[in-house]
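J.: My questions all concern the structure below.
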Amino acid sequence: MRLLPVALAFAGMCLVALALVNAGAALGHVAPAGLPVSWLEPWVRFDSGWYATIATQGYSYTPGVQSSVAFFPTYPLLMRVLSAVVEVHVAGVLLTLASGLVSVLAFTRWCQGRLSRTATTTAVAILLLYPYSVFLYGAVYADALFLACALGAFLLLESGHPWLAGLVGALATAGRPVGIAVAAGLVVRAIELAAQRPGATPGEGAAASVLRRLRWSDSGVLLSMSGLIGYMAFQWVAFDMPLAFVATQRSPGWDQGTGL
């Protein structure tokens with residue numbers, strides 16, 4: 001399956017999604033957000049305001065009150081970089097579109113190494129049409145960037161680049177709280193890949209065999225934890241609260257307690 005048709009299909013879905021959200025906004029008489037490009041306004045709602053605030057004003061934390069530290073930094077910091085060229089909300093839309101395209105292309109590449117052509121086409125079509133894939137088509141939310149980083153990290157690892165995989169994985173762990181699952185997955189996958197290397201010794205235990213085949217370079221995947229650790233360190237220095245992002249989720253209106 002060639003990547004160009006996939007990219008064109010993604011562009012088509014972007015236009016469809018844009019038309020639908022604008023129609024919905026018109027029918028619902030949604031108040032304008034004040035963007036310089038009016039037809040992008042439906043993409044800037046709800047949590048989009050938090051990301052824009054972080055990009056323009058930085059982080060804040062007040063105990064017991066909804067605070068911006070609940071939103072991880074990878075996406076809003078990249079918005080801040082792009083806002084040097086375009087308006088900050090437009091920067092968010094463009095970042096989401098680029099991330100969505102990378103996600104779909106990376107998913108296609110991942111499927112091609114494992115599935116038949118028909119199965120790959122079906123899987124990519126499901127991704128493009130999945131209702132929540134609307135977050136890949138322009139919404140100023142961090143989901144598309146997180147997905148791109150997660151897929152990119154695994155593709156890099158499986159292509160023999162564990163250090164680059166760890167760096168991209170760090171963007172994932174600094175992008176969403178669930179990024180820690182990406183870091184864990186990278187470690188497990190690195191061990192699996194090591195187990196597939198030749199060099200087994202007769203009578204050697206499975207665990208010992210895998211450990212012997214691990215290389216120093218495989219430890220590069222551990223860099224993926226640096227994103228979360230770095231964000232916690234920032235909160236510790238700035239607010240004397242390394243887990244401020246957890247504490248603020250319990251604020252009235254969010255009421256997202258921690259635990260199983």
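Ligands are numbered from 1 in the order shown, chains are lettered A, B, ... in the order of the structure tokens, and residues start at 1 in each chain.
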Which residues of range 65-180 of chain A come within 9 Å of range 2-23 of chain A, and for each one, what is the closest pair of atoms and their distance in Å to one decimal, counting only C-alpha atoms, sorted by chain and residue number, as JSON lines?

T.:
```
{"residue": "A:Leu97", "atom": "CA", "partner": "A:Cys14", "partner_atom": "CA", "distance": 8.2}
{"residue": "A:Gly100", "atom": "CA", "partner": "A:Phe10", "partner_atom": "CA", "distance": 8.3}
{"residue": "A:Leu101", "atom": "CA", "partner": "A:Phe10", "partner_atom": "CA", "distance": 6.7}
{"residue": "A:Val104", "atom": "CA", "partner": "A:Phe10", "partner_atom": "CA", "distance": 7.6}
{"residue": "A:Leu105", "atom": "CA", "partner": "A:Leu3", "partner_atom": "CA", "distance": 6.5}
{"residue": "A:Thr108", "atom": "CA", "partner": "A:Leu3", "partner_atom": "CA", "distance": 7.6}
{"residue": "A:Arg109", "atom": "CA", "partner": "A:Leu3", "partner_atom": "CA", "distance": 8.2}
{"residue": "A:Val124", "atom": "CA", "partner": "A:Val6", "partner_atom": "CA", "distance": 8.0}
{"residue": "A:Ala125", "atom": "CA", "partner": "A:Ala9", "partner_atom": "CA", "distance": 8.9}
{"residue": "A:Leu128", "atom": "CA", "partner": "A:Phe10", "partner_atom": "CA", "distance": 6.9}
{"residue": "A:Leu129", "atom": "CA", "partner": "A:Met13", "partner_atom": "CA", "distance": 8.1}
{"residue": "A:Val134", "atom": "CA", "partner": "A:Ala17", "partner_atom": "CA", "distance": 6.8}
{"residue": "A:Leu136", "atom": "CA", "partner": "A:Cys14", "partner_atom": "CA", "distance": 8.3}
{"residue": "A:Tyr137", "atom": "CA", "partner": "A:Cys14", "partner_atom": "CA", "distance": 5.1}
{"residue": "A:Gly138", "atom": "CA", "partner": "A:Cys14", "partner_atom": "CA", "distance": 7.5}
```

J.: May I have the residues from that selection written out with N, CA, C and O atoms, as a compact mmCIF listing (two decimals), in the first residue's frame?

T.:
```
# COMPACT_ATOMS: atom_id res chain seq x y z
N LEU A 97 -2.99 18.82 12.60
CA LEU A 97 -3.06 18.27 11.25
C LEU A 97 -1.78 17.55 10.87
O LEU A 97 -1.81 16.43 10.32
N GLY A 100 -1.62 14.37 12.89
CA GLY A 100 -2.57 13.39 12.39
C GLY A 100 -2.07 12.70 11.15
O GLY A 100 -2.18 11.47 11.01
N LEU A 101 -1.47 13.47 10.22
CA LEU A 101 -0.93 12.88 9.01
C LEU A 101 0.20 11.91 9.34
O LEU A 101 0.26 10.79 8.80
N VAL A 104 -1.24 8.64 10.79
CA VAL A 104 -1.85 7.74 9.80
C VAL A 104 -0.77 7.07 8.94
O VAL A 104 -0.84 5.87 8.66
N LEU A 105 0.24 7.83 8.53
CA LEU A 105 1.31 7.26 7.72
C LEU A 105 2.14 6.25 8.52
O LEU A 105 2.51 5.19 8.01
N THR A 108 0.15 3.11 8.91
CA THR A 108 0.19 2.37 7.64
C THR A 108 1.49 1.58 7.51
O THR A 108 1.49 0.39 7.17
N ARG A 109 2.61 2.25 7.79
CA ARG A 109 3.91 1.59 7.72
C ARG A 109 4.00 0.43 8.70
O ARG A 109 4.54 -0.63 8.38
N VAL A 124 -6.26 0.75 7.93
CA VAL A 124 -6.07 2.19 7.74
C VAL A 124 -7.42 2.88 7.53
O VAL A 124 -7.67 3.97 8.05
N ALA A 125 -8.30 2.24 6.77
CA ALA A 125 -9.63 2.81 6.55
C ALA A 125 -10.39 2.93 7.86
O ALA A 125 -11.08 3.94 8.11
N LEU A 128 -9.06 5.93 9.74
CA LEU A 128 -9.52 7.19 9.16
C LEU A 128 -10.99 7.48 9.48
O LEU A 128 -11.38 8.63 9.65
N LEU A 129 -11.80 6.43 9.56
CA LEU A 129 -13.24 6.59 9.73
C LEU A 129 -13.70 6.45 11.18
O LEU A 129 -14.86 6.73 11.48
N VAL A 134 -11.67 12.10 14.74
CA VAL A 134 -11.90 13.54 14.51
C VAL A 134 -10.81 14.36 15.20
O VAL A 134 -10.48 15.48 14.77
N LEU A 136 -7.79 13.82 15.02
CA LEU A 136 -6.62 13.87 14.13
C LEU A 136 -6.76 14.94 13.07
O LEU A 136 -5.79 15.26 12.38
N TYR A 137 -7.94 15.52 12.92
CA TYR A 137 -8.24 16.34 11.77
C TYR A 137 -8.25 17.85 12.05
O TYR A 137 -8.73 18.61 11.23
N GLY A 138 -7.73 18.27 13.21
CA GLY A 138 -7.60 19.70 13.42
C GLY A 138 -7.94 20.20 14.81
O GLY A 138 -7.64 21.35 15.13
```

J.: Nearest to Ala190 in chain A: which of A:Ser224, A:Ser219, A:Thr173, A:Gln112 is it, counting only C-alpha atoms?

T.: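 Ranked by minimum distance to Ala190 in chain A, first place goes to A:Ser219.
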
J.: Tell me, which residues of range 101-227 of chain A carry DSSP alpha helix (DSSP H), written as an MDAnalysis selection string?

T.: chainID A and resid 101:112 117:129 143:158 162:173 179:195 206:213 226:227

J.: Give me a file of those residues, with C-alpha atoms, as a JSON list (two decimals), in the first residue's frame.

T.:
```json
[["chain", "number", "residue", "atom", "x", "y", "z"],
["A", 101, "LEU", "CA", -0.93, 12.88, 9.01],
["A", 102, "VAL", "CA", 2.22, 11.45, 10.62],
["A", 103, "SER", "CA", 0.06, 9.15, 12.76],
["A", 104, "VAL", "CA", -1.85, 7.74, 9.80],
["A", 105, "LEU", "CA", 1.31, 7.26, 7.72],
["A", 106, "ALA", "CA", 3.17, 5.66, 10.64],
["A", 107, "PHE", "CA", 0.24, 3.32, 11.31],
["A", 108, "THR", "CA", 0.19, 2.37, 7.64],
["A", 109, "ARG", "CA", 3.91, 1.59, 7.72],
["A", 110, "TRP", "CA", 3.50, -0.44, 10.90],
["A", 111, "CYS", "CA", 0.67, -2.49, 9.37],
["A", 112, "GLN", "CA", 2.61, -3.12, 6.17],
["A", 117, "ARG", "CA", -2.32, -5.63, 1.64],
["A", 118, "THR", "CA", -6.06, -6.13, 2.11],
["A", 119, "ALA", "CA", -5.81, -6.18, 5.89],
["A", 120, "THR", "CA", -3.59, -3.10, 5.87],
["A", 121, "THR", "CA", -6.05, -1.20, 3.69],
["A", 122, "THR", "CA", -8.91, -2.21, 5.98],
["A", 123, "ALA", "CA", -7.02, -1.22, 9.13],
["A", 124, "VAL", "CA", -6.07, 2.19, 7.74],
["A", 125, "ALA", "CA", -9.63, 2.81, 6.55],
["A", 126, "ILE", "CA", -10.94, 1.99, 10.03],
["A", 127, "LEU", "CA", -8.47, 4.43, 11.56],
["A", 128, "LEU", "CA", -9.52, 7.19, 9.16],
["A", 129, "LEU", "CA", -13.24, 6.59, 9.73],
["A", 143, "ASP", "CA", -4.20, 13.35, 21.08],
["A", 144, "ALA", "CA", -2.87, 13.41, 17.51],
["A", 145, "LEU", "CA", 0.63, 14.39, 18.60],
["A", 146, "PHE", "CA", 0.65, 11.74, 21.31],
["A", 147, "LEU", "CA", -0.38, 9.06, 18.83],
["A", 148, "ALA", "CA", 2.29, 10.17, 16.36],
["A", 149, "CYS", "CA", 4.96, 9.99, 19.06],
["A", 150, "ALA", "CA", 3.83, 6.57, 20.29],
["A", 151, "LEU", "CA", 3.77, 5.05, 16.81],
["A", 152, "GLY", "CA", 7.02, 6.75, 15.84],
["A", 153, "ALA", "CA", 8.81, 5.44, 18.92],
["A", 154, "PHE", "CA", 7.90, 1.83, 18.18],
["A", 155, "LEU", "CA", 8.73, 2.15, 14.48],
["A", 156, "LEU", "CA", 12.15, 3.56, 15.35],
["A", 157, "LEU", "CA", 12.80, 0.79, 17.87],
["A", 158, "GLU", "CA", 11.87, -1.93, 15.40],
["A", 162, "PRO", "CA", 16.51, 2.42, 20.30],
["A", 163, "TRP", "CA", 18.04, 5.76, 21.31],
["A", 164, "LEU", "CA", 15.89, 7.70, 18.85],
["A", 165, "ALA", "CA", 12.93, 5.59, 19.97],
["A", 166, "GLY", "CA", 13.63, 6.64, 23.54],
["A", 167, "LEU", "CA", 13.80, 10.32, 22.61],
["A", 168, "VAL", "CA", 10.51, 10.20, 20.70],
["A", 169, "GLY", "CA", 9.03, 8.14, 23.53],
["A", 170, "ALA", "CA", 10.04, 10.96, 25.90],
["A", 171, "LEU", "CA", 7.80, 13.29, 23.89],
["A", 172, "ALA", "CA", 4.98, 10.80, 24.48],
["A", 173, "THR", "CA", 5.53, 10.59, 28.25],
["A", 179, "GLY", "CA", 2.56, 8.00, 28.05],
["A", 180, "ILE", "CA", 4.03, 5.86, 30.81],
["A", 181, "ALA", "CA", 2.40, 2.89, 29.06],
["A", 182, "VAL", "CA", 4.40, 3.75, 25.93],
["A", 183, "ALA", "CA", 7.61, 3.69, 27.96],
["A", 184, "ALA", "CA", 6.72, 0.31, 29.45],
["A", 185, "GLY", "CA", 5.82, -1.03, 26.02],
["A", 186, "LEU", "CA", 9.13, 0.10, 24.54],
["A", 187, "VAL", "CA", 11.03, -1.76, 27.26],
["A", 188, "VAL", "CA", 9.03, -4.94, 26.67],
["A", 189, "ARG", "CA", 9.47, -4.68, 22.90],
["A", 190, "ALA", "CA", 13.23, -4.13, 23.27],
["A", 191, "ILE", "CA", 13.44, -7.34, 25.29],
["A", 192, "GLU", "CA", 11.35, -9.20, 22.71],
["A", 193, "LEU", "CA", 13.62, -8.03, 19.90],
["A", 194, "ALA", "CA", 16.68, -9.09, 21.88],
["A", 195, "ALA", "CA", 15.18, -12.54, 22.35],
["A", 206, "ALA", "CA", 15.24, -18.44, 28.68],
["A", 207, "ALA", "CA", 15.77, -15.43, 30.96],
["A", 208, "ALA", "CA", 19.55, -15.82, 30.96],
["A", 209, "SER", "CA", 19.53, -16.20, 27.18],
["A", 210, "VAL", "CA", 17.58, -12.98, 26.69],
["A", 211, "LEU", "CA", 19.73, -11.01, 29.13],
["A", 212, "ARG", "CA", 22.88, -12.16, 27.37],
["A", 213, "ARG", "CA", 21.55, -10.97, 24.02],
["A", 226, "SER", "CA", 12.72, 11.35, 30.85],
["A", 227, "GLY", "CA", 9.66, 13.20, 29.53]]
```

J.: Please identify every residue of range 154-239 of chain A that has at least one atom no farther than 10 Å from an atom of range 245-253 of chain A, counting only C-alpha atoms, and for each give the shortest atom pair and the distance in Å to one decimal, arranged by chain then increasing number, as JSON lines.

T.:
```
{"residue": "A:Pro177", "atom": "CA", "partner": "A:Phe245", "partner_atom": "CA", "distance": 9.0}
{"residue": "A:Tyr231", "atom": "CA", "partner": "A:Phe245", "partner_atom": "CA", "distance": 9.5}
{"residue": "A:Met232", "atom": "CA", "partner": "A:Phe245", "partner_atom": "CA", "distance": 8.6}
{"residue": "A:Gln235", "atom": "CA", "partner": "A:Phe245", "partner_atom": "CA", "distance": 8.3}
```

J.: What is the CA of Ser48 in chain A-CA of Tyr141 in chain A distance in Å, reported with one decimal?

T.: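 A separation of 6.0 Å between them.
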
J.: Would you please work out which residue, of A:Val30, A:Val237, A:Val93, A:Val69, is nearest to Thr53 in chain A when using only C-alpha atoms?

T.: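 Residue with the minimum atom-to-atom distance to Thr53 in chain A: A:Val69.
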
J.: Quick one: residues within 9 Å of Ala52 in chain A, only C-alpha atoms counted, chain neighbours fewer than 4 positions away excluded, as a PyMOL selection string?

T.: chain A and resi 47-48+56-57+76+79-80+88-89+92+140

J.: Grab the CA of Ser68 in chain A to CA of Tyr51 in chain A distance for me, in Å with one decimal place.

T.: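 We find that CA of Ser68 in chain A and CA of Tyr51 in chain A lie 8.0 Å from each other.
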